[in-house]
file input33.cif (mmCIF, C-alpha atoms and all ligand atoms)
data_run
#
loop_
_atom_site.group_PDB
_atom_site.id
_atom_site.type_symbol
_atom_site.label_atom_id
_atom_site.label_comp_id
_atom_site.auth_asym_id
_atom_site.auth_seq_id
_atom_site.Cartn_x
_atom_site.Cartn_y
_atom_site.Cartn_z
ATOM 1 C CA MET G 1 21.068 28.904 33.766
ATOM 2 C CA HIS G 2 22.741 25.627 32.802
ATOM 3 C CA THR G 3 26.349 25.351 33.930
ATOM 4 C CA CYS G 4 26.963 21.876 32.500
ATOM 5 C CA THR G 5 25.392 19.703 29.808
ATOM 6 C CA ILE G 6 25.624 15.956 30.394
ATOM 7 C CA ALA G 7 24.846 13.532 27.578
ATOM 8 C CA CYS G 8 24.318 9.862 28.351
ATOM 9 C CA ILE G 9 24.630 7.403 25.466
ATOM 10 C CA GLY G 10 22.562 4.363 26.423
ATOM 11 C CA CYS G 11 19.551 4.819 28.711
ATOM 12 C CA GLY G 12 19.160 1.208 29.906
ATOM 13 C CA ASN G 13 19.565 -0.059 33.487
ATOM 14 C CA MET G 14 22.750 1.790 34.379
ATOM 15 C CA GLY G 15 22.390 4.821 32.081
ATOM 16 C CA GLY G 16 18.778 5.225 33.243
ATOM 17 C CA ALA G 17 19.755 4.952 36.922
ATOM 18 C CA MET G 18 22.480 7.606 36.585
ATOM 19 C CA LEU G 19 20.241 9.936 34.579
ATOM 20 C CA GLY G 20 17.479 9.483 37.186
ATOM 21 C CA GLY G 21 19.892 10.520 39.951
ATOM 22 C CA TRP G 22 21.180 13.559 38.036
ATOM 23 C CA LEU G 23 17.663 14.653 37.006
ATOM 24 C CA ALA G 24 16.751 14.784 40.708
ATOM 25 C CA VAL G 25 19.446 17.435 41.334
ATOM 26 C CA ALA G 26 19.522 19.064 37.876
ATOM 27 C CA ALA G 27 17.780 22.312 38.876
ATOM 28 C CA GLU G 28 19.947 22.773 41.957
ATOM 29 C CA ARG G 29 23.228 22.011 40.142
ATOM 30 C CA GLY G 30 22.385 23.705 36.834
ATOM 31 C CA TYR G 31 22.652 20.492 34.793
ATOM 32 C CA ALA G 32 21.054 20.104 31.363
ATOM 33 C CA LEU G 33 20.573 16.379 30.639
ATOM 34 C CA THR G 34 20.454 14.750 27.244
ATOM 35 C CA GLY G 35 20.080 11.071 26.428
ATOM 36 C CA MET G 36 20.598 8.952 23.347
ATOM 37 C CA THR G 37 19.188 5.476 22.995
ATOM 38 C CA ARG G 38 18.208 3.243 20.092
ATOM 39 C CA THR G 39 14.707 2.700 21.535
ATOM 40 C CA PRO G 40 13.449 6.144 22.666
ATOM 41 C CA SER G 41 10.290 4.639 24.232
ATOM 42 C CA ARG G 42 12.525 3.105 26.924
ATOM 43 C CA ALA G 43 13.507 6.599 28.034
ATOM 44 C CA ALA G 44 9.918 7.941 28.219
ATOM 45 C CA ALA G 45 9.851 8.135 32.033
ATOM 46 C CA LEU G 46 13.129 10.109 32.033
ATOM 47 C CA VAL G 47 11.863 12.456 29.283
ATOM 48 C CA ALA G 48 8.807 13.164 31.466
ATOM 49 C CA ARG G 49 11.243 14.261 34.204
ATOM 50 C CA GLY G 50 13.134 16.694 31.952
ATOM 51 C CA LEU G 51 15.540 14.616 29.831
ATOM 52 C CA SER G 52 15.915 15.725 26.222
ATOM 53 C CA LEU G 53 16.737 13.135 23.560
ATOM 54 C CA CYS G 54 19.182 13.226 20.654
ATOM 55 C CA GLU G 55 19.013 11.027 17.581
ATOM 56 C CA THR G 56 22.691 10.145 17.193
ATOM 57 C CA PRO G 57 25.668 9.736 19.552
ATOM 58 C CA GLU G 58 27.452 12.449 17.563
ATOM 59 C CA GLU G 59 24.649 14.973 18.059
ATOM 60 C CA ALA G 60 24.565 14.188 21.802
ATOM 61 C CA ALA G 61 28.337 14.531 22.156
ATOM 62 C CA ARG G 62 28.399 17.812 20.230
ATOM 63 C CA GLN G 63 26.035 19.464 22.734
ATOM 64 C CA ALA G 64 27.680 18.049 25.844
ATOM 65 C CA ASP G 65 30.402 19.138 28.251
ATOM 66 C CA ILE G 66 30.443 15.646 29.769
ATOM 67 C CA VAL G 67 29.612 12.511 27.750
ATOM 68 C CA VAL G 68 28.688 9.371 29.686
ATOM 69 C CA LEU G 69 28.915 6.095 27.805
ATOM 70 C CA ALA G 70 26.501 3.468 29.197
ATOM 71 C CA VAL G 71 26.195 0.962 26.356
ATOM 72 C CA LYS G 72 27.271 -2.691 26.580
ATOM 73 C CA PRO G 73 31.052 -3.247 26.498
ATOM 74 C CA TYR G 74 30.971 -4.809 23.001
ATOM 75 C CA GLN G 75 29.177 -1.700 21.633
ATOM 76 C CA VAL G 76 31.745 0.801 22.976
ATOM 77 C CA GLU G 77 34.081 0.899 19.969
ATOM 78 C CA ASP G 78 31.258 1.268 17.451
ATOM 79 C CA VAL G 79 29.552 4.107 19.373
ATOM 80 C CA LEU G 80 32.852 5.923 20.030
ATOM 81 C CA ALA G 81 33.851 5.732 16.371
ATOM 82 C CA ARG G 82 30.589 7.478 15.443
ATOM 83 C CA MET G 83 30.934 10.044 18.199
ATOM 84 C CA ALA G 84 34.643 10.853 17.871
ATOM 85 C CA PRO G 85 34.282 13.803 15.417
ATOM 86 C CA ALA G 86 32.195 15.634 18.040
ATOM 87 C CA LEU G 87 34.700 15.142 20.885
ATOM 88 C CA GLY G 88 37.362 17.686 21.855
ATOM 89 C CA PRO G 89 39.897 18.398 24.620
ATOM 90 C CA GLU G 90 37.441 20.648 26.502
ATOM 91 C CA LYS G 91 34.985 17.743 26.989
ATOM 92 C CA ILE G 92 35.182 14.738 29.338
ATOM 93 C CA LEU G 93 34.233 11.196 28.319
ATOM 94 C CA ILE G 94 33.172 8.848 31.137
ATOM 95 C CA SER G 95 32.597 5.151 30.417
ATOM 96 C CA VAL G 96 30.845 2.725 32.765
ATOM 97 C CA ALA G 97 31.432 -0.259 30.444
ATOM 98 C CA ALA G 98 32.763 -3.168 32.484
ATOM 99 C CA GLY G 99 36.282 -4.285 31.564
ATOM 100 C CA VAL G 100 36.951 -1.557 28.983
ATOM 101 C CA SER G 101 40.332 0.023 29.827
ATOM 102 C CA VAL G 102 41.355 3.685 29.662
ATOM 103 C CA GLU G 103 43.716 2.720 26.829
ATOM 104 C CA ARG G 104 40.873 1.150 24.815
ATOM 105 C CA LEU G 105 38.672 4.198 25.422
ATOM 106 C CA ARG G 106 41.427 6.570 24.323
ATOM 107 C CA ALA G 107 42.178 4.521 21.222
ATOM 108 C CA ALA G 108 38.492 4.248 20.261
ATOM 109 C CA SER G 109 37.951 7.998 20.710
ATOM 110 C CA ASP G 110 41.145 8.837 18.797
ATOM 111 C CA GLY G 111 42.593 10.525 21.898
ATOM 112 C CA ARG G 112 40.339 13.502 21.179
ATOM 113 C CA CYS G 113 39.240 14.115 24.772
ATOM 114 C CA PRO G 114 40.217 13.088 28.314
ATOM 115 C CA VAL G 115 38.588 9.832 29.464
ATOM 116 C CA VAL G 116 37.484 8.483 32.840
ATOM 117 C CA ARG G 117 36.746 4.813 33.449
ATOM 118 C CA CYS G 118 34.013 4.241 36.007
ATOM 119 C CA MET G 119 32.714 1.033 37.597
ATOM 120 C CA PRO G 120 29.309 1.319 39.268
ATOM 121 C CA ASN G 121 27.219 -1.289 41.071
ATOM 122 C CA THR G 122 23.461 -1.860 40.877
ATOM 123 C CA PRO G 123 22.483 -0.176 44.174
ATOM 124 C CA ALA G 124 23.096 2.967 42.065
ATOM 125 C CA LEU G 125 19.500 2.255 40.958
ATOM 126 C CA VAL G 126 18.329 3.377 44.437
ATOM 127 C CA GLY G 127 20.921 6.119 44.970
ATOM 128 C CA LYS G 128 23.168 3.866 47.091
ATOM 129 C CA GLY G 129 25.806 2.949 44.532
ATOM 130 C CA VAL G 130 29.535 2.676 44.983
ATOM 131 C CA PHE G 131 31.457 4.142 42.036
ATOM 132 C CA ALA G 132 35.110 3.406 41.392
ATOM 133 C CA LEU G 133 36.613 6.198 39.289
ATOM 134 C CA CYS G 134 39.867 5.741 37.430
ATOM 135 C CA PHE G 135 41.667 8.985 36.578
ATOM 136 C CA ASP G 136 44.755 7.400 34.996
ATOM 137 C CA ASP G 137 44.416 9.348 31.734
ATOM 138 C CA PRO G 138 47.203 11.989 31.889
ATOM 139 C CA ALA G 139 45.035 14.290 29.723
ATOM 140 C CA LEU G 140 42.681 14.870 32.701
ATOM 141 C CA THR G 141 43.176 18.197 34.460
ATOM 142 C CA PRO G 142 42.631 18.525 38.243
ATOM 143 C CA ASP G 143 39.556 20.628 37.439
ATOM 144 C CA ALA G 144 38.103 17.865 35.231
ATOM 145 C CA ARG G 145 38.639 15.298 38.024
ATOM 146 C CA GLU G 146 36.854 17.573 40.490
ATOM 147 C CA ARG G 147 33.902 17.974 38.133
ATOM 148 C CA VAL G 148 33.589 14.200 37.712
ATOM 149 C CA LEU G 149 33.841 13.568 41.463
ATOM 150 C CA ARG G 150 31.112 16.165 42.114
ATOM 151 C CA LEU G 151 28.915 14.561 39.448
ATOM 152 C CA PHE G 152 29.099 11.071 40.965
ATOM 153 C CA ALA G 153 28.888 12.241 44.588
ATOM 154 C CA ASP G 154 25.185 12.906 43.866
ATOM 155 C CA LEU G 155 24.653 9.220 43.017
ATOM 156 C CA GLY G 156 26.436 7.449 45.880
ATOM 157 C CA VAL G 157 29.878 6.889 47.321
ATOM 158 C CA CYS G 158 32.968 7.432 45.102
ATOM 159 C CA VAL G 159 36.405 5.870 45.383
ATOM 160 C CA GLU G 160 39.378 6.819 43.201
ATOM 161 C CA LEU G 161 41.296 3.772 41.963
ATOM 162 C CA PRO G 162 44.226 3.212 39.598
ATOM 163 C CA GLU G 163 43.386 1.070 36.556
ATOM 164 C CA ALA G 164 45.294 -1.894 38.020
ATOM 165 C CA ARG G 165 42.738 -2.101 40.885
ATOM 166 C CA MET G 166 39.562 -1.834 38.755
ATOM 167 C CA THR G 167 39.158 -5.601 38.223
ATOM 168 C CA ALA G 168 39.577 -6.284 41.942
ATOM 169 C CA PHE G 169 36.904 -3.657 42.658
ATOM 170 C CA SER G 170 34.613 -5.161 40.003
ATOM 171 C CA ALA G 171 34.936 -8.644 41.557
ATOM 172 C CA LEU G 172 34.286 -7.396 45.101
ATOM 173 C CA VAL G 173 31.862 -4.464 44.771
ATOM 174 C CA GLY G 174 30.597 -4.551 41.164
ATOM 175 C CA ALA G 175 29.696 -8.242 41.493
ATOM 176 C CA GLY G 176 28.956 -7.765 45.218
ATOM 177 C CA PRO G 177 25.162 -7.439 44.879
ATOM 178 C CA ALA G 178 25.064 -11.019 43.494
ATOM 179 C CA TYR G 179 26.798 -12.406 46.603
ATOM 180 C CA VAL G 180 24.616 -10.368 48.950
ATOM 181 C CA PHE G 181 21.360 -11.281 47.192
ATOM 182 C CA GLN G 182 22.364 -14.941 47.291
ATOM 183 C CA MET G 183 22.944 -14.778 51.058
ATOM 184 C CA MET G 184 19.632 -12.948 51.444
ATOM 185 C CA GLN G 185 17.873 -15.637 49.405
ATOM 186 C CA GLY G 186 19.181 -18.364 51.732
ATOM 187 C CA LEU G 187 17.898 -16.521 54.797
ATOM 188 C CA VAL G 188 14.540 -15.764 53.163
ATOM 189 C CA GLN G 189 14.187 -19.484 52.351
ATOM 190 C CA ALA G 190 14.994 -20.295 55.968
ATOM 191 C CA GLY G 191 12.222 -17.920 57.094
ATOM 192 C CA VAL G 192 9.726 -19.557 54.735
ATOM 193 C CA THR G 193 10.784 -22.977 56.032
ATOM 194 C CA GLN G 194 9.975 -21.725 59.520
ATOM 195 C CA GLY G 195 6.478 -20.681 58.401
ATOM 196 C CA PHE G 196 6.852 -16.953 57.601
ATOM 197 C CA SER G 197 5.288 -15.854 54.302
ATOM 198 C CA TRP G 198 7.708 -15.113 51.406
ATOM 199 C CA ALA G 199 6.863 -11.403 51.587
ATOM 200 C CA GLN G 200 7.293 -11.160 55.350
ATOM 201 C CA SER G 201 10.503 -13.186 55.314
ATOM 202 C CA ARG G 202 11.959 -10.979 52.564
ATOM 203 C CA GLU G 203 11.054 -7.820 54.460
ATOM 204 C CA LEU G 204 12.578 -9.173 57.684
ATOM 205 C CA VAL G 205 15.800 -10.215 55.942
ATOM 206 C CA ALA G 206 16.153 -6.922 54.018
ATOM 207 C CA THR G 207 15.765 -4.986 57.279
ATOM 208 C CA LEU G 208 18.317 -7.296 58.923
ATOM 209 C CA PHE G 209 20.913 -6.542 56.212
ATOM 210 C CA GLU G 210 20.155 -2.809 56.308
ATOM 211 C CA GLY G 211 20.558 -2.676 60.110
ATOM 212 C CA CYS G 212 23.791 -4.709 60.105
ATOM 213 C CA ALA G 213 25.264 -2.565 57.295
ATOM 214 C CA CYS G 214 24.551 0.584 59.350
ATOM 215 C CA MET G 215 26.193 -0.959 62.443
ATOM 216 C CA ALA G 216 29.235 -2.136 60.459
ATOM 217 C CA ARG G 217 29.764 1.425 59.172
ATOM 218 C CA GLN G 218 29.126 3.225 62.461
ATOM 219 C CA GLU G 219 31.223 1.048 64.760
ATOM 220 C CA THR G 220 34.923 0.309 64.616
ATOM 221 C CA THR G 221 34.607 -2.918 66.646
ATOM 222 C CA PRO G 222 36.040 -5.868 64.638
ATOM 223 C CA LEU G 223 33.259 -7.719 62.791
ATOM 224 C CA MET G 224 34.172 -11.001 64.509
ATOM 225 C CA GLU G 225 33.655 -9.337 67.901
ATOM 226 C CA MET G 226 30.300 -7.978 66.738
ATOM 227 C CA ARG G 227 29.380 -11.518 65.692
ATOM 228 C CA ASP G 228 30.525 -13.029 68.998
ATOM 229 C CA ASN G 229 28.583 -10.409 70.969
ATOM 230 C CA VAL G 230 25.378 -11.934 69.536
ATOM 231 C CA CYS G 231 26.374 -15.472 70.605
ATOM 232 C CA SER G 232 25.521 -16.163 74.264
ATOM 233 C CA PRO G 233 27.097 -19.267 75.804
ATOM 234 C CA ALA G 234 24.978 -22.356 75.149
ATOM 235 C CA GLY G 235 22.541 -20.107 73.237
ATOM 236 C CA LEU G 236 20.754 -20.576 69.928
ATOM 237 C CA THR G 237 22.919 -18.195 67.830
ATOM 238 C CA ILE G 238 26.184 -20.080 68.476
ATOM 239 C CA ALA G 239 24.441 -23.275 67.326
ATOM 240 C CA GLY G 240 23.714 -21.614 63.968
ATOM 241 C CA VAL G 241 27.147 -19.957 63.693
ATOM 242 C CA ASN G 242 28.842 -23.339 64.253
ATOM 243 C CA VAL G 243 27.105 -24.672 61.129
ATOM 244 C CA LEU G 244 28.378 -21.723 59.042
ATOM 245 C CA ASP G 245 31.917 -22.206 60.386
ATOM 246 C CA ARG G 246 31.844 -25.918 59.540
ATOM 247 C CA ALA G 247 30.869 -25.002 55.945
ATOM 248 C CA GLY G 248 33.668 -22.385 55.810
ATOM 249 C CA LEU G 249 31.401 -19.503 54.778
ATOM 250 C CA SER G 250 34.104 -16.790 55.095
ATOM 251 C CA GLY G 251 36.575 -18.831 53.037
ATOM 252 C CA LEU G 252 33.906 -19.505 50.407
ATOM 253 C CA LEU G 253 33.276 -15.776 50.034
ATOM 254 C CA VAL G 254 37.017 -15.107 49.629
ATOM 255 C CA ASP G 255 37.179 -17.851 46.963
ATOM 256 C CA ALA G 256 34.138 -16.410 45.153
ATOM 257 C CA VAL G 257 35.681 -12.930 44.905
ATOM 258 C CA LEU G 258 39.056 -14.298 43.764
ATOM 259 C CA ALA G 259 37.360 -16.495 41.119
ATOM 260 C CA ALA G 260 35.454 -13.454 39.822
ATOM 261 C CA GLU G 261 38.686 -11.410 39.706
ATOM 262 C CA GLN G 262 40.438 -14.194 37.808
ATOM 263 C CA ARG G 263 37.591 -14.349 35.287
ATOM 264 C CA GLY G 264 37.642 -10.559 34.937
ATOM 265 C CA ARG G 265 41.355 -10.639 34.093
ATOM 266 C CA GLU G 266 40.762 -13.379 31.496
ATOM 267 C CA MET G 267 37.981 -11.299 29.908
ATOM 268 C CA GLU G 268 40.137 -8.162 29.807
ATOM 269 C CA GLY G 269 42.854 -10.247 28.183
ATOM 270 C CA GLY G 270 40.426 -11.023 25.359
ATOM 271 C CA LYS G 271 39.223 -14.512 26.418
ATOM 272 C CA ALA G 272 35.491 -14.798 25.594
HETATM 273 N N1 LIG J 301 23.728 -3.095 35.088
HETATM 274 C C1 LIG J 301 24.742 -3.259 35.914
HETATM 275 O O1 LIG J 301 24.658 -3.827 36.978
HETATM 276 C C2 LIG J 301 26.109 -2.727 35.566
HETATM 277 C C3 LIG J 301 27.105 -2.705 36.560
HETATM 278 C C4 LIG J 301 28.370 -2.225 36.197
HETATM 279 C C5 LIG J 301 28.616 -1.765 34.908
HETATM 280 N N2 LIG J 301 27.617 -1.808 33.989
HETATM 281 C C6 LIG J 301 27.907 -1.372 32.625
HETATM 282 O O2 LIG J 301 26.910 -0.481 32.190
HETATM 283 C C7 LIG J 301 26.783 -0.593 30.772
HETATM 284 C C8 LIG J 301 25.300 -0.659 30.418
HETATM 285 O O3 LIG J 301 24.744 -1.818 31.045
HETATM 286 P P1 LIG J 301 23.179 -1.913 31.274
HETATM 287 O O4 LIG J 301 22.955 -2.995 32.257
HETATM 288 O O5 LIG J 301 22.614 -0.552 31.559
HETATM 289 O O6 LIG J 301 22.706 -2.385 29.811
HETATM 290 P P2 LIG J 301 21.280 -2.140 29.090
HETATM 291 O O7 LIG J 301 20.197 -2.027 30.095
HETATM 292 O O8 LIG J 301 21.180 -3.147 28.010
HETATM 293 O O9 LIG J 301 21.462 -0.694 28.422
HETATM 294 C C9 LIG J 301 22.264 -0.461 27.299
HETATM 295 C C10 LIG J 301 21.699 0.759 26.606
HETATM 296 O O10 LIG J 301 22.523 1.092 25.504
HETATM 297 C C11 LIG J 301 21.684 1.420 24.397
HETATM 298 N N3 LIG J 301 22.431 1.252 23.160
HETATM 299 C C12 LIG J 301 22.939 0.137 22.627
HETATM 300 N N4 LIG J 301 23.579 0.409 21.477
HETATM 301 C C13 LIG J 301 23.476 1.724 21.287
HETATM 302 C C14 LIG J 301 23.911 2.606 20.281
HETATM 303 N N5 LIG J 301 24.584 2.166 19.222
HETATM 304 N N6 LIG J 301 23.639 3.914 20.414
HETATM 305 C C15 LIG J 301 22.951 4.350 21.480
HETATM 306 N N7 LIG J 301 22.486 3.571 22.464
HETATM 307 C C16 LIG J 301 22.744 2.282 22.353
HETATM 308 C C17 LIG J 301 20.555 0.450 24.536
HETATM 309 O O11 LIG J 301 19.467 0.864 23.768
HETATM 310 P P3 LIG J 301 18.379 -0.231 23.244
HETATM 311 O O12 LIG J 301 17.716 -0.772 24.459
HETATM 312 O O13 LIG J 301 17.484 0.568 22.410
HETATM 313 O O14 LIG J 301 19.173 -1.272 22.485
HETATM 314 C C18 LIG J 301 20.305 0.563 26.048
HETATM 315 O O15 LIG J 301 19.555 1.725 26.349
HETATM 316 C C19 LIG J 301 27.544 -1.855 30.358
HETATM 317 O O16 LIG J 301 28.711 -1.505 29.656
HETATM 318 C C20 LIG J 301 27.889 -2.546 31.653
HETATM 319 O O17 LIG J 301 29.161 -3.168 31.599
HETATM 320 C C21 LIG J 301 26.367 -2.267 34.287
#

call {"tool": "encode", "arguments": {"input": "input33.cif", "output": "structure tokens"}}
result
Amino acid sequence: MHTCTIACIGCGNMGGAMLGGWLAVAAERGYALTGMTRTPSRAAALVARGLSLCETPEEAARQADIVVLAVKPYQVEDVLARMAPALGPEKILISVAAGVSVERLRAASDGRCPVVRCMPNTPALVGKGVFALCFDDPALTPDARERVLRLFADLGVCVELPEARMTAFSALVGAGPAYVFQMMQGLVQAGVTQGFSWAQSRELVATLFEGCACMARQETTPLMEMRDNVCSPAGLTIAGVNVLDRAGLSGLLVDAVLAAEQRGREMEGGKA
């Protein structure tokens, strides 16, 4: 027996990742999953796992209790205009479109149903995403919020944020994979320079990041102390750490996040 029908408009990278995560728990949770995409062949792997497809956003929204919008930000208004007649106060609309505010979502959907703005990050593709959820729409009932939180808890970690914090989150965590992959690339290159193969170096560095992330979550020791614990006096690690300090790595990372936040605010203000 299905207890909830979820329709996802847009089955690309992010829509596909979310649908993949929900399909994995659909039987257990009683979810029926529907997708809508302009190129159905792109959703073939999801259809093989139990996704049904609709031909129009309106048809998908009509069947659904929860509608997830995963099209590009510039397509949001067009898709919502076509879907609006099928929306109603008993449904919930969730958008993952970067930079599209609750106000814009409400205006584009004619205020017909409560809306949730969500910001995911790409590790959602492997079930390790962080999802910021903004419940600022006063039309959302406590029950609707609970349903949305339960839905996203199956895909990763959820944090509730007011709209005013969404750009900061996007610059730190949404954009975060780019900073982390760039640091990983530097270390992989170092490994190759030392004579490890590309594949071995990548595997070693990925395991290094995974292990450090686990330690950072499990322990409450300040990160600087954890760093210093690895640096024995006159040892090799402190020689490497000194080079990073001279380059101001921590300050560079702060600057990168603040620059991304600044750009995000410009984009939300309508600057191309
Ligand atoms: N990927 C990320 O890392 C990431 C992170 C945070 C937020 N987001 C947000 O997630 C959203 C989707 O990004 P993405 O990376 O998944 O993009 P994507 O891979 O290009 O997927 C977009 C999907 O929307 C479909 N689509 C476009 N117009 C449509 C329409 N009129 N009706 C139905 N489907 C339509 C596309 O179908 P066709 O392929 O057939 O055109 C495609 O399946 C964006 O708003 C983005 O801001 C993405």

call {"tool": "residues_around", "arguments": {"input": "input33.cif", "residues": "Cys8 (chain G)", "least_positions_apart": "2", "cutoff": "12 Å", "atoms": "only C-alpha atoms", "output": "PyMOL selection string"}}
result
chain G and resi 5-6+10-12+14-20+22-23+32-37+43+46+51-54+56-61+63-71+79+92-96

call {"tool": "resolve_selection", "arguments": {"input": "input33.cif", "expression": "the PyMOL selection byres (((chain G and resi 265-269) around 9) and not hetatm)", "output": "list of chain:residue names"}}
result
G:Gly99, G:Val100, G:Ser101, G:Thr167, G:Ala260, G:Glu261, G:Gln262, G:Arg263, G:Gly264, G:Gly270, G:Lys271, G:Ala272

call {"tool": "atom_distance", "arguments": {"input": "input33.cif", "atom1": "CA of Pro138 (chain G)", "atom2": "atom C20 of ligand LIG 301 (chain J)"}}
result
24.2 Å

call {"tool": "closest_residue", "arguments": {"input": "input33.cif", "among": "G:Val230, G:Ala153, G:Val257, G:Val188", "to": "Lys128 (chain G)", "atoms": "only C-alpha atoms"}}
result
G:Ala153

call {"tool": "closest_residue", "arguments": {"input": "input33.cif", "among": "G:Leu253, G:Leu133, G:Leu187, G:Arg147", "to": "Thr3 (chain G)", "atoms": "all atoms listed in the file"}}
result
G:Arg147

call {"tool": "axis_aligned_box", "arguments": {"input": "input33.cif", "around": "ligand LIG 301 (chain J)", "padding_each_side": "4 Å", "output": "lines of an AutoDock Vina configuration file"}}
result
center_x = 23.3
center_y = 0.3
center_z = 28.1
size_x = 19.7
size_y = 16.2
size_z = 25.8

call {"tool": "closest_residue", "arguments": {"input": "input33.cif", "among": "G:Leu151, G:Leu204, G:Cys231, G:Cys158", "to": "Ala190 (chain G)", "atoms": "only C-alpha atoms"}}
result
G:Leu204

call {"tool": "resolve_selection", "arguments": {"input": "input33.cif", "expression": "the PyMOL selection byres (((chain G and resi 125-127) around 7) and not hetatm)", "output": "ChimeraX atom specification"}}
result
/G:17,21,122-124,128-129,155-156

call {"tool": "resolve_selection", "arguments": {"input": "input33.cif", "expression": "the PyMOL selection byres (((chain G and resi 180) around 12) and not hetatm)", "output": "list in words"}}
result
Thr122, Pro123, Leu172, Val173, Gly174, Ala175, Gly176, Pro177, Ala178, Tyr179, Phe181, Gln182, Met183, Met184, Gln185, Gly186, Leu187, Val205, Ala206, Phe209, Glu210, Ala213, Leu253 and Ala256 of chain G

call {"tool": "closest_residue", "arguments": {"input": "input33.cif", "among": "G:Gly30, G:Pro40, G:Pro142, G:Pro222", "to": "ligand LIG 301 (chain J)", "atoms": "only C-alpha atoms and all ligand atoms"}}
result
G:Pro40

call {"tool": "atom_distance", "arguments": {"input": "input33.cif", "atom1": "CA of Asp137 (chain G)", "atom2": "CA of Asp110 (chain G)"}}
result
13.4 Å

call {"tool": "decode", "arguments": {"input": "input33.cif", "residues": "region 79-90 of chain G", "atoms": "N, CA, C and O atoms", "output": "PDB file, in the first residue's frame"}}
result
ATOM      1  N   VAL G  79       8.295  25.839 -15.631  1.00  0.00           N
ATOM      2  CA  VAL G  79       7.731  24.552 -15.213  1.00  0.00           C
ATOM      3  C   VAL G  79       6.607  24.776 -14.191  1.00  0.00           C
ATOM      4  O   VAL G  79       5.542  24.147 -14.267  1.00  0.00           O
ATOM      5  N   LEU G  80       6.829  25.698 -13.246  1.00  0.00           N
ATOM      6  CA  LEU G  80       5.793  25.936 -12.222  1.00  0.00           C
ATOM      7  C   LEU G  80       4.518  26.517 -12.821  1.00  0.00           C
ATOM      8  O   LEU G  80       3.413  26.187 -12.396  1.00  0.00           O
ATOM      9  N   ALA G  81       4.672  27.370 -13.831  1.00  0.00           N
ATOM     10  CA  ALA G  81       3.488  27.954 -14.468  1.00  0.00           C
ATOM     11  C   ALA G  81       2.637  26.846 -15.085  1.00  0.00           C
ATOM     12  O   ALA G  81       1.403  26.864 -15.007  1.00  0.00           O
ATOM     13  N   ARG G  82       3.333  25.824 -15.672  1.00  0.00           N
ATOM     14  CA  ARG G  82       2.572  24.748 -16.320  1.00  0.00           C
ATOM     15  C   ARG G  82       1.958  23.786 -15.299  1.00  0.00           C
ATOM     16  O   ARG G  82       0.968  23.122 -15.553  1.00  0.00           O
ATOM     17  N   MET G  83       2.600  23.736 -14.118  1.00  0.00           N
ATOM     18  CA  MET G  83       2.164  22.769 -13.124  1.00  0.00           C
ATOM     19  C   MET G  83       1.121  23.340 -12.163  1.00  0.00           C
ATOM     20  O   MET G  83       0.360  22.599 -11.532  1.00  0.00           O
ATOM     21  N   ALA G  84       1.094  24.657 -12.043  1.00  0.00           N
ATOM     22  CA  ALA G  84       0.285  25.325 -11.014  1.00  0.00           C
ATOM     23  C   ALA G  84      -1.170  24.834 -10.925  1.00  0.00           C
ATOM     24  O   ALA G  84      -1.666  24.595  -9.819  1.00  0.00           O
ATOM     25  N   PRO G  85      -1.879  24.625 -12.070  1.00  0.00           N
ATOM     26  CA  PRO G  85      -3.281  24.201 -11.950  1.00  0.00           C
ATOM     27  C   PRO G  85      -3.461  22.892 -11.183  1.00  0.00           C
ATOM     28  O   PRO G  85      -4.529  22.636 -10.632  1.00  0.00           O
ATOM     29  N   ALA G  86      -2.389  22.071 -11.140  1.00  0.00           N
ATOM     30  CA  ALA G  86      -2.508  20.765 -10.473  1.00  0.00           C
ATOM     31  C   ALA G  86      -2.109  20.837  -8.997  1.00  0.00           C
ATOM     32  O   ALA G  86      -2.195  19.846  -8.276  1.00  0.00           O
ATOM     33  N   LEU G  87      -1.632  22.001  -8.538  1.00  0.00           N
ATOM     34  CA  LEU G  87      -1.186  22.105  -7.146  1.00  0.00           C
ATOM     35  C   LEU G  87      -2.346  22.495  -6.240  1.00  0.00           C
ATOM     36  O   LEU G  87      -3.312  23.088  -6.697  1.00  0.00           O
ATOM     37  N   GLY G  88      -2.239  22.153  -4.965  1.00  0.00           N
ATOM     38  CA  GLY G  88      -3.302  22.499  -4.006  1.00  0.00           C
ATOM     39  C   GLY G  88      -2.725  22.521  -2.605  1.00  0.00           C
ATOM     40  O   GLY G  88      -1.605  22.041  -2.393  1.00  0.00           O
ATOM     41  N   PRO G  89      -3.483  23.045  -1.626  1.00  0.00           N
ATOM     42  CA  PRO G  89      -2.944  23.234  -0.277  1.00  0.00           C
ATOM     43  C   PRO G  89      -2.580  21.930   0.430  1.00  0.00           C
ATOM     44  O   PRO G  89      -1.815  21.933   1.404  1.00  0.00           O
ATOM     45  N   GLU G  90      -3.108  20.796  -0.054  1.00  0.00           N
ATOM     46  CA  GLU G  90      -2.816  19.512   0.599  1.00  0.00           C
ATOM     47  C   GLU G  90      -1.487  18.927   0.110  1.00  0.00           C
ATOM     48  O   GLU G  90      -0.991  17.946   0.650  1.00  0.00           O
TER      49      GLU G  90
END
